[in-house]
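Shown here: input-v6.cif, mmCIF, C-alpha atoms and all ligand atoms.
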```cif
data_target
loop_
_atom_site.label_atom_id
_atom_site.label_comp_id
_atom_site.auth_asym_id
_atom_site.auth_seq_id
_atom_site.Cartn_x
_atom_site.Cartn_y
_atom_site.Cartn_z
CA MET A 1 -147.55 -111.19 -145.36
CA ARG A 2 -147.35 -107.85 -147.14
CA TYR A 3 -146.19 -104.63 -145.54
CA ARG A 4 -147.40 -101.08 -146.03
CA ARG A 5 -145.77 -97.78 -145.09
CA LEU A 6 -147.26 -96.24 -141.94
CA GLY A 7 -147.41 -92.72 -143.36
CA ARG A 8 -144.60 -90.35 -142.49
CA THR A 9 -143.27 -92.68 -139.77
CA GLY A 10 -141.75 -94.71 -142.60
CA LEU A 11 -142.34 -97.90 -140.58
CA ARG A 12 -143.18 -100.90 -142.77
CA VAL A 13 -146.18 -102.44 -141.06
CA SER A 14 -147.89 -105.77 -141.77
CA GLU A 15 -151.25 -105.25 -143.46
CA LEU A 16 -152.90 -107.51 -140.87
CA SER A 17 -152.09 -106.41 -137.33
CA TYR A 18 -153.10 -107.60 -133.89
CA GLY A 19 -155.51 -105.83 -131.57
CA ALA A 20 -154.66 -106.87 -128.02
CA ALA A 21 -157.75 -105.47 -126.28
CA ARG A 22 -159.14 -108.80 -125.13
CA GLY A 23 -157.99 -112.15 -123.82
CA ALA A 24 -154.99 -111.30 -121.63
CA SER A 25 -156.74 -111.74 -118.27
CA GLU A 26 -159.16 -114.43 -119.42
CA ASP A 27 -156.49 -116.83 -120.70
CA PRO A 28 -152.93 -115.45 -120.64
CA LYS A 29 -151.41 -118.62 -122.13
CA GLN A 30 -153.74 -118.49 -125.09
CA PHE A 31 -153.12 -114.74 -125.48
CA ILE A 32 -149.36 -115.38 -125.60
CA ALA A 33 -149.84 -118.27 -128.06
CA THR A 34 -151.91 -115.96 -130.29
CA VAL A 35 -149.27 -113.23 -130.16
CA HIS A 36 -146.57 -115.75 -131.09
CA ALA A 37 -148.70 -117.17 -133.92
CA CYS A 38 -149.11 -113.60 -135.22
CA LEU A 39 -145.36 -112.99 -135.13
CA ASP A 40 -144.69 -116.32 -136.86
CA ALA A 41 -147.12 -115.28 -139.60
CA GLY A 42 -145.28 -111.99 -140.16
CA VAL A 43 -147.54 -109.68 -138.13
CA ASN A 44 -145.23 -106.93 -136.88
CA PHE A 45 -147.65 -104.38 -135.38
CA ILE A 46 -149.61 -104.82 -132.15
CA ASP A 47 -152.09 -102.35 -130.65
CA SER A 48 -152.67 -102.17 -126.90
CA ALA A 49 -153.68 -99.51 -124.37
CA ALA A 50 -153.06 -98.71 -120.73
CA GLY A 51 -156.75 -99.29 -120.11
CA TYR A 52 -157.14 -102.70 -121.74
CA ASP A 53 -157.88 -105.38 -119.18
CA GLY A 54 -156.82 -103.00 -116.40
CA GLY A 55 -153.24 -102.97 -117.73
CA LEU A 56 -153.01 -106.75 -118.13
CA SER A 57 -153.05 -106.52 -121.92
CA GLU A 58 -149.75 -104.61 -121.76
CA THR A 59 -148.34 -106.81 -118.98
CA VAL A 60 -148.98 -110.09 -120.76
CA LEU A 61 -147.95 -108.58 -124.09
CA GLY A 62 -144.67 -107.50 -122.45
CA GLU A 63 -144.13 -111.09 -121.37
CA ALA A 64 -145.04 -112.46 -124.82
CA LEU A 65 -142.64 -110.09 -126.59
CA GLN A 66 -139.57 -110.94 -124.51
CA GLY A 67 -136.83 -111.71 -127.02
CA TYR A 68 -138.77 -110.30 -129.98
CA ASP A 69 -137.28 -107.00 -131.12
CA ASP A 70 -138.72 -106.73 -134.61
CA VAL A 71 -142.27 -105.87 -133.64
CA PHE A 72 -143.84 -102.43 -133.44
CA VAL A 73 -145.96 -101.74 -130.38
CA GLU A 74 -148.66 -99.10 -130.19
CA THR A 75 -150.25 -98.12 -126.90
CA LYS A 76 -152.59 -95.39 -125.66
CA TYR A 77 -153.53 -93.01 -122.87
CA CYS A 78 -157.25 -92.40 -122.40
CA PRO A 79 -158.01 -88.86 -121.18
CA TYR A 80 -161.62 -89.69 -120.26
CA GLU A 81 -163.26 -91.26 -117.24
CA SER A 82 -164.32 -94.29 -119.32
CA TYR A 83 -164.90 -95.48 -122.90
CA ALA A 84 -168.55 -94.39 -122.76
CA VAL A 85 -169.42 -91.79 -125.37
CA GLY A 86 -170.49 -89.19 -122.81
CA ALA A 87 -167.69 -89.82 -120.29
CA ALA A 88 -166.06 -86.73 -118.76
CA TYR A 89 -162.71 -85.51 -120.07
CA ILE A 90 -160.13 -85.80 -117.28
CA GLY A 91 -156.87 -85.54 -119.24
CA THR A 92 -153.83 -83.87 -117.70
CA PRO A 93 -150.21 -83.84 -118.89
CA GLN A 94 -149.10 -85.35 -115.57
CA ALA A 95 -151.52 -88.28 -115.93
CA LEU A 96 -150.50 -88.77 -119.57
CA VAL A 97 -146.80 -88.97 -118.68
CA ALA A 98 -147.48 -91.27 -115.70
CA SER A 99 -149.59 -93.51 -117.93
CA ALA A 100 -146.87 -93.70 -120.60
CA GLU A 101 -144.23 -94.55 -117.98
CA GLU A 102 -146.47 -97.31 -116.58
CA SER A 103 -147.07 -98.65 -120.09
CA LEU A 104 -143.31 -98.84 -120.71
CA ARG A 105 -142.83 -100.69 -117.43
CA ARG A 106 -145.62 -103.19 -118.16
CA LEU A 107 -144.46 -103.69 -121.74
CA ARG A 108 -140.83 -104.07 -120.53
CA ARG A 109 -139.63 -101.57 -123.14
CA ASP A 110 -137.58 -98.38 -123.10
CA CYS A 111 -139.68 -96.97 -125.93
CA VAL A 112 -143.00 -97.62 -127.63
CA ASP A 113 -143.25 -97.15 -131.37
CA VAL A 114 -146.60 -95.36 -131.45
CA PHE A 115 -148.34 -93.58 -128.57
CA LEU A 116 -151.94 -92.44 -129.04
CA GLY A 117 -154.47 -90.30 -127.23
CA HIS A 118 -157.21 -92.93 -126.83
CA GLY A 119 -160.75 -92.46 -128.11
CA ILE A 120 -160.83 -88.70 -128.72
CA ARG A 121 -164.55 -88.23 -129.30
CA THR A 122 -165.57 -84.59 -129.65
CA LEU A 123 -164.11 -81.48 -131.25
CA ASP A 124 -164.28 -79.77 -127.88
CA THR A 125 -162.19 -82.41 -126.12
CA LEU A 126 -159.77 -82.58 -129.06
CA ASP A 127 -159.26 -78.88 -128.53
CA ARG A 128 -158.68 -79.42 -124.81
CA PHE A 129 -156.22 -82.25 -125.47
CA MET A 130 -154.27 -80.03 -127.87
CA ASN A 131 -154.16 -77.02 -125.54
CA ASP A 132 -154.12 -78.26 -121.92
CA GLY A 133 -150.57 -79.60 -122.04
CA CYS A 134 -151.45 -83.21 -123.04
CA TYR A 135 -150.30 -82.80 -126.62
CA ASP A 136 -147.12 -81.00 -125.51
CA ALA A 137 -146.46 -83.84 -123.05
CA MET A 138 -146.71 -86.36 -125.90
CA CYS A 139 -144.18 -84.34 -127.89
CA GLN A 140 -141.85 -84.24 -124.87
CA LEU A 141 -142.07 -88.03 -124.54
CA ARG A 142 -141.08 -88.22 -128.19
CA ASP A 143 -138.17 -85.80 -127.65
CA GLN A 144 -137.02 -87.93 -124.70
CA GLY A 145 -137.04 -91.06 -126.89
CA LYS A 146 -139.77 -92.77 -124.84
CA VAL A 147 -142.15 -92.87 -127.79
CA ARG A 148 -141.17 -92.76 -131.44
CA PHE A 149 -144.38 -91.48 -133.04
CA ILE A 150 -147.61 -89.95 -131.78
CA GLY A 151 -151.26 -89.87 -132.77
CA ILE A 152 -154.86 -90.26 -131.65
CA SER A 153 -157.61 -92.81 -132.01
CA GLU A 154 -161.26 -91.88 -132.42
CA LEU A 155 -164.40 -93.21 -130.75
CA SER A 156 -166.51 -94.03 -133.78
CA GLU A 157 -169.65 -94.92 -131.81
CA GLY A 158 -169.70 -91.25 -130.83
CA ASP A 159 -168.32 -89.82 -134.07
CA GLY A 160 -169.45 -91.92 -137.03
CA THR A 161 -168.41 -89.30 -139.57
CA HIS A 162 -164.92 -88.81 -138.10
CA GLN A 163 -165.27 -85.11 -137.28
CA VAL A 164 -162.38 -85.35 -134.81
CA LEU A 165 -159.94 -86.97 -137.23
CA GLN A 166 -161.02 -84.68 -140.07
CA LYS A 167 -160.00 -81.76 -137.85
CA ALA A 168 -156.86 -83.39 -136.41
CA VAL A 169 -155.21 -84.86 -139.50
CA PRO A 170 -154.64 -81.61 -141.46
CA THR A 171 -153.04 -79.89 -138.43
CA GLY A 172 -149.93 -81.99 -139.03
CA ALA A 173 -149.74 -82.66 -135.28
CA PHE A 174 -150.00 -86.44 -135.59
CA ASP A 175 -148.03 -89.17 -137.34
CA VAL A 176 -150.68 -91.89 -136.99
CA VAL A 177 -154.45 -92.12 -136.53
CA MET A 178 -156.56 -95.11 -135.55
CA LEU A 179 -159.99 -95.11 -137.17
CA THR A 180 -163.00 -97.29 -137.83
CA LEU A 181 -163.70 -98.56 -141.32
CA ASN A 182 -165.81 -101.57 -142.07
CA LEU A 183 -168.10 -102.80 -144.78
CA MET A 184 -171.08 -101.21 -143.03
CA LEU A 185 -169.61 -98.00 -141.59
CA GLN A 186 -167.84 -96.77 -144.72
CA THR A 187 -167.69 -93.04 -143.89
CA ALA A 188 -163.88 -92.97 -143.56
CA GLU A 189 -163.53 -93.85 -147.23
CA THR A 190 -164.28 -90.34 -148.44
CA THR A 191 -163.18 -88.37 -145.36
CA VAL A 192 -160.25 -89.42 -143.19
CA ILE A 193 -158.56 -91.82 -145.60
CA PRO A 194 -157.96 -89.31 -148.42
CA LEU A 195 -156.99 -86.66 -145.86
CA ALA A 196 -154.51 -88.99 -144.19
CA HIS A 197 -153.06 -89.86 -147.57
CA GLN A 198 -152.72 -86.17 -148.44
CA HIS A 199 -150.95 -85.40 -145.13
CA ASP A 200 -148.91 -88.62 -145.09
CA VAL A 201 -150.43 -89.82 -141.82
CA GLY A 202 -150.42 -93.56 -141.06
CA THR A 203 -153.84 -95.21 -140.78
CA VAL A 204 -154.50 -98.10 -138.41
CA VAL A 205 -158.02 -99.45 -138.99
CA MET A 206 -159.93 -100.83 -136.01
CA MET A 207 -163.29 -102.59 -135.77
CA ALA A 208 -163.08 -104.22 -139.19
CA LEU A 209 -165.51 -106.79 -137.77
CA ASN A 210 -167.52 -104.07 -136.03
CA GLN A 211 -166.21 -105.21 -132.64
CA SER A 212 -168.45 -108.25 -132.71
CA SER A 213 -170.21 -109.23 -129.53
CA GLY A 214 -170.81 -112.73 -130.87
CA HIS A 215 -174.51 -111.98 -131.44
CA SER A 216 -174.08 -108.97 -133.69
CA GLY A 217 -171.13 -108.13 -135.89
CA LEU A 218 -169.20 -109.11 -138.98
CA THR A 219 -168.15 -112.50 -137.69
CA SER A 220 -170.76 -114.86 -139.18
CA ARG A 221 -173.82 -114.72 -141.41
CA HIS A 222 -176.09 -114.86 -138.40
CA ALA A 223 -174.26 -112.08 -136.52
CA ALA A 224 -174.10 -109.91 -139.66
CA ARG A 225 -177.86 -110.29 -140.19
CA GLU A 226 -178.42 -109.25 -136.59
CA LEU A 227 -176.21 -106.20 -137.19
CA VAL A 228 -178.28 -105.27 -140.25
CA HIS A 229 -181.44 -105.56 -138.10
CA ARG A 230 -179.87 -103.23 -135.55
CA TYR A 231 -179.05 -100.69 -138.26
CA ILE A 232 -182.66 -100.94 -139.43
CA ALA A 233 -183.91 -100.45 -135.85
CA ALA A 234 -181.61 -97.42 -135.52
CA GLY A 235 -183.24 -95.91 -138.61
CA GLN A 236 -180.06 -96.03 -140.69
CA LEU A 237 -181.25 -98.67 -143.15
CA PRO A 238 -184.77 -99.07 -144.55
CA ASN A 239 -186.96 -101.80 -143.13
CA ASP A 240 -187.50 -103.17 -146.64
CA PRO A 241 -185.95 -105.61 -149.08
CA PRO A 242 -183.13 -106.21 -149.80
CA TYR A 243 -182.17 -105.38 -146.18
CA THR A 244 -184.79 -107.75 -144.80
CA ASP A 245 -183.80 -110.58 -147.14
CA PRO A 246 -181.91 -113.44 -145.47
CA GLU A 247 -179.71 -113.68 -148.57
CA LEU A 248 -178.67 -110.00 -148.44
CA LEU A 249 -174.96 -110.77 -148.06
CA ASP A 250 -174.80 -113.92 -150.17
CA PHE A 251 -173.04 -112.00 -152.95
CA LEU A 252 -169.91 -111.95 -150.75
CA GLU A 253 -169.49 -115.72 -151.11
CA PRO A 254 -167.25 -117.65 -151.38
CA TYR A 255 -165.75 -115.43 -148.70
CA SER A 256 -166.96 -115.91 -145.15
CA ILE A 257 -168.27 -112.73 -143.50
CA PRO A 258 -165.07 -112.11 -141.44
CA GLU A 259 -162.90 -112.79 -144.47
CA ALA A 260 -164.95 -110.38 -146.58
CA ALA A 261 -164.79 -107.79 -143.79
CA ILE A 262 -160.98 -107.87 -143.68
CA ARG A 263 -160.73 -107.97 -147.48
CA TYR A 264 -162.99 -104.88 -147.63
CA VAL A 265 -160.61 -102.92 -145.37
CA LEU A 266 -157.45 -104.04 -147.15
CA ALA A 267 -158.92 -103.03 -150.51
CA HIS A 268 -158.59 -99.43 -149.25
CA ASP A 269 -155.60 -97.14 -149.08
CA VAL A 270 -154.98 -97.73 -145.37
CA THR A 271 -151.86 -98.97 -143.65
CA THR A 272 -153.07 -101.89 -141.59
CA CYS A 273 -156.20 -103.74 -140.53
CA CYS A 274 -155.95 -104.31 -136.78
CA VAL A 275 -158.14 -107.20 -135.70
CA GLY A 276 -158.93 -108.56 -132.25
CA MET A 277 -158.35 -112.34 -132.22
CA ARG A 278 -158.39 -114.53 -129.15
CA THR A 279 -156.89 -117.69 -130.63
CA PRO A 280 -154.33 -118.83 -133.21
CA GLU A 281 -157.26 -120.43 -135.10
CA ARG A 282 -158.84 -117.00 -135.56
CA LEU A 283 -155.55 -115.74 -136.94
CA ALA A 284 -155.31 -118.70 -139.34
CA ALA A 285 -158.81 -117.90 -140.64
CA ASN A 286 -157.97 -114.22 -141.07
CA LEU A 287 -154.74 -114.93 -142.93
CA ARG A 288 -156.96 -116.16 -145.77
CA ALA A 289 -158.00 -112.54 -146.36
CA ILE A 290 -154.61 -111.10 -147.16
CA ASP A 291 -154.15 -111.82 -150.83
CA PRO A 292 -154.47 -108.93 -153.29
CA PRO A 293 -156.54 -107.58 -154.94
CA TYR A 294 -158.55 -108.38 -151.77
CA MET A 295 -161.97 -107.64 -153.26
CA ASP A 296 -163.25 -107.06 -156.78
CA LEU A 297 -164.76 -103.75 -157.85
CA GLU A 298 -168.22 -105.25 -158.30
CA ARG A 299 -168.48 -106.40 -154.68
CA LEU A 300 -167.07 -103.08 -153.48
CA ARG A 301 -169.65 -101.23 -155.58
CA LYS A 302 -172.47 -103.36 -154.21
CA LEU A 303 -171.33 -102.81 -150.61
CA ARG A 304 -171.23 -99.05 -151.21
CA GLU A 305 -174.70 -99.13 -152.74
CA LEU A 306 -176.11 -101.15 -149.83
CA PHE A 307 -174.41 -99.59 -146.82
CA GLY A 308 -172.79 -96.34 -147.98
CA ARG A 309 -175.66 -94.36 -146.42
CA ILE A 310 -174.81 -95.43 -142.82
CA GLN A 311 -173.52 -92.48 -140.82
CA TRP A 312 -173.37 -93.76 -137.26
CA GLN A 313 -171.92 -96.93 -135.79
CA THR A 314 -174.28 -99.46 -134.25
CA PHE A 315 -173.21 -102.61 -132.44
N1 LIG A 401 -161.02 -96.19 -129.74
C1 LIG A 401 -160.03 -97.05 -129.84
O1 LIG A 401 -158.87 -96.68 -129.76
C2 LIG A 401 -160.31 -98.50 -130.10
C3 LIG A 401 -161.63 -98.96 -130.07
C4 LIG A 401 -161.86 -100.30 -130.38
C5 LIG A 401 -160.81 -101.13 -130.72
N2 LIG A 401 -159.54 -100.65 -130.73
C6 LIG A 401 -158.40 -101.54 -131.09
O2 LIG A 401 -158.69 -102.16 -132.32
C7 LIG A 401 -158.60 -103.59 -132.17
C8 LIG A 401 -159.63 -104.25 -133.06
O3 LIG A 401 -160.93 -103.90 -132.66
P1 LIG A 401 -161.88 -104.88 -131.86
O4 LIG A 401 -161.10 -106.05 -131.36
O5 LIG A 401 -162.60 -104.07 -130.86
O6 LIG A 401 -162.93 -105.30 -132.93
P2 LIG A 401 -162.86 -106.25 -134.22
O7 LIG A 401 -161.46 -106.50 -134.60
O8 LIG A 401 -163.80 -105.65 -135.19
O9 LIG A 401 -163.55 -107.57 -133.69
C9 LIG A 401 -162.91 -108.44 -132.83
C10 LIG A 401 -163.83 -109.62 -132.59
O10 LIG A 401 -163.96 -110.35 -133.80
C11 LIG A 401 -163.81 -111.73 -133.55
N3 LIG A 401 -163.12 -112.36 -134.69
C12 LIG A 401 -161.90 -112.05 -135.22
N4 LIG A 401 -161.63 -112.83 -136.28
C13 LIG A 401 -162.70 -113.66 -136.43
C14 LIG A 401 -163.01 -114.71 -137.33
N5 LIG A 401 -162.18 -115.07 -138.32
N6 LIG A 401 -164.19 -115.37 -137.18
C15 LIG A 401 -165.05 -115.03 -136.20
N7 LIG A 401 -164.80 -114.05 -135.31
C16 LIG A 401 -163.63 -113.37 -135.41
C17 LIG A 401 -163.00 -111.85 -132.29
O11 LIG A 401 -163.48 -112.95 -131.59
P3 LIG A 401 -162.59 -113.70 -130.47
O12 LIG A 401 -162.29 -112.66 -129.44
O13 LIG A 401 -163.51 -114.76 -129.99
O14 LIG A 401 -161.38 -114.23 -131.17
C18 LIG A 401 -163.29 -110.55 -131.56
O15 LIG A 401 -164.31 -110.75 -130.61
C19 LIG A 401 -158.82 -103.82 -130.65
O16 LIG A 401 -158.29 -105.07 -130.25
C20 LIG A 401 -158.10 -102.66 -130.09
O17 LIG A 401 -156.72 -102.95 -130.07
C21 LIG A 401 -159.28 -99.34 -130.44
#
```
Structure translated into structure tokens:
Amino acid sequence: MRYRRLGRTGLRVSELSYGAARGASEDPKQFIATVHACLDAGVNFIDSAAGYDGGLSETVLGEALQGYDDVFVETKYCPYESYAVGAAYIGTPQALVASAEESLRRLRRDCVDVFLGHGIRTLDTLDRFMNDGCYDAMCQLRDQGKVRFIGISELSEGDGTHQVLQKAVPTGAFDVVMLTLNLMLQTAETTVIPLAHQHDVGTVVMMALNQSSGHSGLTSRHAARELVHRYIAAGQLPNDPPYTDPELLDFLEPYSIPEAAIRYVLAHDVTTCCVGMRTPERLAANLRAIDPPYMDLERLRKLRELFGRIQWQTF
């Protein structure tokens, strides 16, 4: 496992990290086995959130991490009614502090390494978060030693061109951002990533596999083809060859689609590729993607030519 610097935090973070959004309630034993397999493989960064699995992600993660001190934990407070794009903003500093305290209790920690505002999705609500006391409350948690570093994640299905992060990163307010980059939604490449580099902000990439539903996503040839069809239906790709060709993605071979998807992310100047994985077998497959130079320039060029026009995330 290789490690990259998480921007100005100075933390050395494994380039493959673990996204703990799913699996904790469904099969806690398997979730714990996957966390332990990650740690054994050198993964030292795990992303969770107060809202994942109704808090069970943090609870089971807390159990899994008993006795493991050398792992960085990131968690989040969501200041919206739900994860839906149009959900109402309901953030308050009191709720943010209460959420952070609950997260610490569930995670069985005195301090989390990174604490994020979860899914900030419009410029208007970013402005509210910065000025209604929520941001100040995050800073106070940092001053009190309850969180080490602060940041925000975006909601790319509502903000495919990263308007929120493009505004937030240059303010210097945040140490870390969590953003979407994948071989179809490439918009971060020329927007947030260079900005984050310029301002020394750590970049945690989510949805490398486009948050696959099983039917559509970057998890298999079949699911990737379905995703291309959905981009065509959404009017973001032409309904013409090569997009309609079954062999559209064959040039990625010998990599599997998920391997190519992780390689694509790691070929960029980002800190870590945070992937949701429900089993140790998934992890074992994804570990195949972590050898530099990750992906050759010709494949990267071809991916840019094919999908660089996509501006909005589709699932
Ligand atoms: N706004 C936000 O802050 C936000 C939004 C989304 C995600 N996140 C974070 O980012 C993390 C990653 O995003 P994500 O989990 O939504 O999406 P993702 O990593 O793009 O996709 C995860 C899905 O890919 C599947 N998968 C992983 N490796 C695979 C492989 N080798 N072969 C086939 N399938 C594979 C997993 O299946 P199985 O489950 O069957 O293993 C899982 O369903 C989340 O866990 C969460 O921590 C944050």
Can you check which parts of chain A lie within 8 Å of ligand LIG 401 (chain A)? Per residue, the shortest pair of atoms and distance in Å to one decimal, counting all atoms listed in the file, sorted by chain and number, as a tab-separated table.
```
residue	atom	partner	partner_atom	distance
A:Tyr18	CA	A:LIG401	O16	6.8
A:Gly19	CA	A:LIG401	O16	3.2
A:Ala20	CA	A:LIG401	O16	4.6
A:Ala21	CA	A:LIG401	O16	4.0
A:Arg22	CA	A:LIG401	O16	6.4
A:Gly23	CA	A:LIG401	O12	7.1
A:Ile46	CA	A:LIG401	O17	7.6
A:Asp47	CA	A:LIG401	O17	4.7
A:Ser48	CA	A:LIG401	O17	5.2
A:Ala49	CA	A:LIG401	O17	7.3
A:Lys76	CA	A:LIG401	O1	7.6
A:Tyr83	CA	A:LIG401	N1	7.9
A:His118	CA	A:LIG401	O1	5.0
A:Gly119	CA	A:LIG401	N1	4.1
A:Ile120	CA	A:LIG401	N1	7.6
A:Ile152	CA	A:LIG401	O1	7.8
A:Ser153	CA	A:LIG401	O1	4.7
A:Glu154	CA	A:LIG401	N1	5.1
A:Leu155	CA	A:LIG401	N1	4.6
A:Ser156	CA	A:LIG401	N1	7.2
A:Met178	CA	A:LIG401	O1	6.4
A:Leu179	CA	A:LIG401	N1	7.6
A:Val205	CA	A:LIG401	O2	7.2
A:Met206	CA	A:LIG401	O2	4.1
A:Met207	CA	A:LIG401	O8	3.2
A:Ala208	CA	A:LIG401	O8	4.3
A:Leu209	CA	A:LIG401	O8	3.3
A:Asn210	CA	A:LIG401	O8	4.1
A:Gln211	CA	A:LIG401	O6	3.3
A:Ser212	CA	A:LIG401	C10	4.8
A:Ser213	CA	A:LIG401	O15	6.2
A:Gly214	CA	A:LIG401	O15	6.8
A:Gly217	CA	A:LIG401	O8	7.8
A:Leu218	CA	A:LIG401	O8	7.4
A:Thr219	CA	A:LIG401	C15	4.3
A:Ser220	CA	A:LIG401	C15	6.4
A:Ile257	CA	A:LIG401	N6	8.0
A:Pro258	CA	A:LIG401	N5	5.2
A:Glu259	CA	A:LIG401	N5	6.6
A:Cys274	CA	A:LIG401	C8	5.2
A:Val275	CA	A:LIG401	O7	3.6
A:Gly276	CA	A:LIG401	O4	3.4
A:Met277	CA	A:LIG401	O14	3.7
A:Arg278	CA	A:LIG401	O14	3.6
A:Thr279	CA	A:LIG401	O14	5.7
A:Glu281	CA	A:LIG401	N5	8.0
A:Arg282	CA	A:LIG401	N5	4.7
A:Leu283	CA	A:LIG401	N4	6.8
A:Ala284	CA	A:LIG401	N5	7.8
A:Ala285	CA	A:LIG401	N5	5.0
A:Asn286	CA	A:LIG401	N5	5.1
```
Generate the output file for the selected residues, C-alpha atoms, as an mmCIF file, in the frame of the given file.
```cif
data_model
loop_
_atom_site.group_PDB
_atom_site.id
_atom_site.type_symbol
_atom_site.label_atom_id
_atom_site.label_comp_id
_atom_site.auth_asym_id
_atom_site.auth_seq_id
_atom_site.Cartn_x
_atom_site.Cartn_y
_atom_site.Cartn_z
ATOM 1 C CA TYR A 18 -153.100 -107.600 -133.890
ATOM 2 C CA GLY A 19 -155.510 -105.830 -131.570
ATOM 3 C CA ALA A 20 -154.660 -106.870 -128.020
ATOM 4 C CA ALA A 21 -157.750 -105.470 -126.280
ATOM 5 C CA ARG A 22 -159.140 -108.800 -125.130
ATOM 6 C CA GLY A 23 -157.990 -112.150 -123.820
ATOM 7 C CA ILE A 46 -149.610 -104.820 -132.150
ATOM 8 C CA ASP A 47 -152.090 -102.350 -130.650
ATOM 9 C CA SER A 48 -152.670 -102.170 -126.900
ATOM 10 C CA ALA A 49 -153.680 -99.510 -124.370
ATOM 11 C CA LYS A 76 -152.590 -95.390 -125.660
ATOM 12 C CA TYR A 83 -164.900 -95.480 -122.900
ATOM 13 C CA HIS A 118 -157.210 -92.930 -126.830
ATOM 14 C CA GLY A 119 -160.750 -92.460 -128.110
ATOM 15 C CA ILE A 120 -160.830 -88.700 -128.720
ATOM 16 C CA ILE A 152 -154.860 -90.260 -131.650
ATOM 17 C CA SER A 153 -157.610 -92.810 -132.010
ATOM 18 C CA GLU A 154 -161.260 -91.880 -132.420
ATOM 19 C CA LEU A 155 -164.400 -93.210 -130.750
ATOM 20 C CA SER A 156 -166.510 -94.030 -133.780
ATOM 21 C CA MET A 178 -156.560 -95.110 -135.550
ATOM 22 C CA LEU A 179 -159.990 -95.110 -137.170
ATOM 23 C CA VAL A 205 -158.020 -99.450 -138.990
ATOM 24 C CA MET A 206 -159.930 -100.830 -136.010
ATOM 25 C CA MET A 207 -163.290 -102.590 -135.770
ATOM 26 C CA ALA A 208 -163.080 -104.220 -139.190
ATOM 27 C CA LEU A 209 -165.510 -106.790 -137.770
ATOM 28 C CA ASN A 210 -167.520 -104.070 -136.030
ATOM 29 C CA GLN A 211 -166.210 -105.210 -132.640
ATOM 30 C CA SER A 212 -168.450 -108.250 -132.710
ATOM 31 C CA SER A 213 -170.210 -109.230 -129.530
ATOM 32 C CA GLY A 214 -170.810 -112.730 -130.870
ATOM 33 C CA GLY A 217 -171.130 -108.130 -135.890
ATOM 34 C CA LEU A 218 -169.200 -109.110 -138.980
ATOM 35 C CA THR A 219 -168.150 -112.500 -137.690
ATOM 36 C CA SER A 220 -170.760 -114.860 -139.180
ATOM 37 C CA ILE A 257 -168.270 -112.730 -143.500
ATOM 38 C CA PRO A 258 -165.070 -112.110 -141.440
ATOM 39 C CA GLU A 259 -162.900 -112.790 -144.470
ATOM 40 C CA CYS A 274 -155.950 -104.310 -136.780
ATOM 41 C CA VAL A 275 -158.140 -107.200 -135.700
ATOM 42 C CA GLY A 276 -158.930 -108.560 -132.250
ATOM 43 C CA MET A 277 -158.350 -112.340 -132.220
ATOM 44 C CA ARG A 278 -158.390 -114.530 -129.150
ATOM 45 C CA THR A 279 -156.890 -117.690 -130.630
ATOM 46 C CA GLU A 281 -157.260 -120.430 -135.100
ATOM 47 C CA ARG A 282 -158.840 -117.000 -135.560
ATOM 48 C CA LEU A 283 -155.550 -115.740 -136.940
ATOM 49 C CA ALA A 284 -155.310 -118.700 -139.340
ATOM 50 C CA ALA A 285 -158.810 -117.900 -140.640
ATOM 51 C CA ASN A 286 -157.970 -114.220 -141.070
#
```
| Selected residue, from A:Leu107, A:Ser82, A:Ala98, A:Leu61, that lies nearest to Gln30 (chain A) when counting all atoms listed in the file | A:Leu61
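Taking CA of Leu183 (chain A) and CA of Arg225 (chain A) as the two end points, the separation is 13.1 Å.
Omitting Ala64 (chain A) and its sequence neighbours fewer than 4 positions away, and counting all atoms listed in the file, the residues within 8 Å are Ile32, Val35, His36 and Val60 of chain A.
Contact shell of Ala289 (chain A) at 7 Å (all atoms listed in the file; same-chain neighbours under 5 positions omitted): Glu259, Ile262, Arg263 and Tyr294 of chain A.
Among A:Gly202, A:Pro28, A:Gly91, A:Gly62, the residue with the shortest atom-to-atom distance to Val114 (chain A), counting all atoms listed in the file, is A:Gly202.
Of the listed residues (A:Gly160, A:Gly151, A:Pro79, A:Gly172), A:Pro79 comes nearest to Asp132 (chain A); the distances count only C-alpha atoms.
A straight line drawn from CA of Asp27 (chain A) to CA of Ser99 (chain A) is 24.5 Å long.
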Determine, counting all atoms listed in the file, which protein, DNA and RNA residues have an atom within 10 Å of an atom of Val112 (chain A); residues of the same chain fewer than 6 positions away are not included. Present the result as a compact mmCIF listing (two decimals) with C-alpha atoms, in the coordinates of the input.
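Saved file part.txt follows:
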```txt
# COMPACT_ATOMS: atom_id res chain seq x y z
CA PHE A 72 -143.84 -102.43 -133.44
CA VAL A 73 -145.96 -101.74 -130.38
CA GLU A 74 -148.66 -99.10 -130.19
CA THR A 75 -150.25 -98.12 -126.90
CA ALA A 100 -146.87 -93.70 -120.60
CA SER A 103 -147.07 -98.65 -120.09
CA LEU A 104 -143.31 -98.84 -120.71
CA ARG A 142 -141.08 -88.22 -128.19
CA GLY A 145 -137.04 -91.06 -126.89
CA LYS A 146 -139.77 -92.77 -124.84
CA VAL A 147 -142.15 -92.87 -127.79
CA ARG A 148 -141.17 -92.76 -131.44
CA PHE A 149 -144.38 -91.48 -133.04
CA ILE A 150 -147.61 -89.95 -131.78
```
| task | Compare A:Arg108, A:Leu116, A:His199, A:Leu16 by their minimum atom-to-atom distance to Arg2 (chain A), counting only C-alpha atoms, and give me the closest one. | result | A:Leu16
| said: As an exercise, work out the distance from CA of Thr125 (chain A) to CA of Tyr89 (chain A) in Å and give it to one decimal place. | reply: 6.8 Å
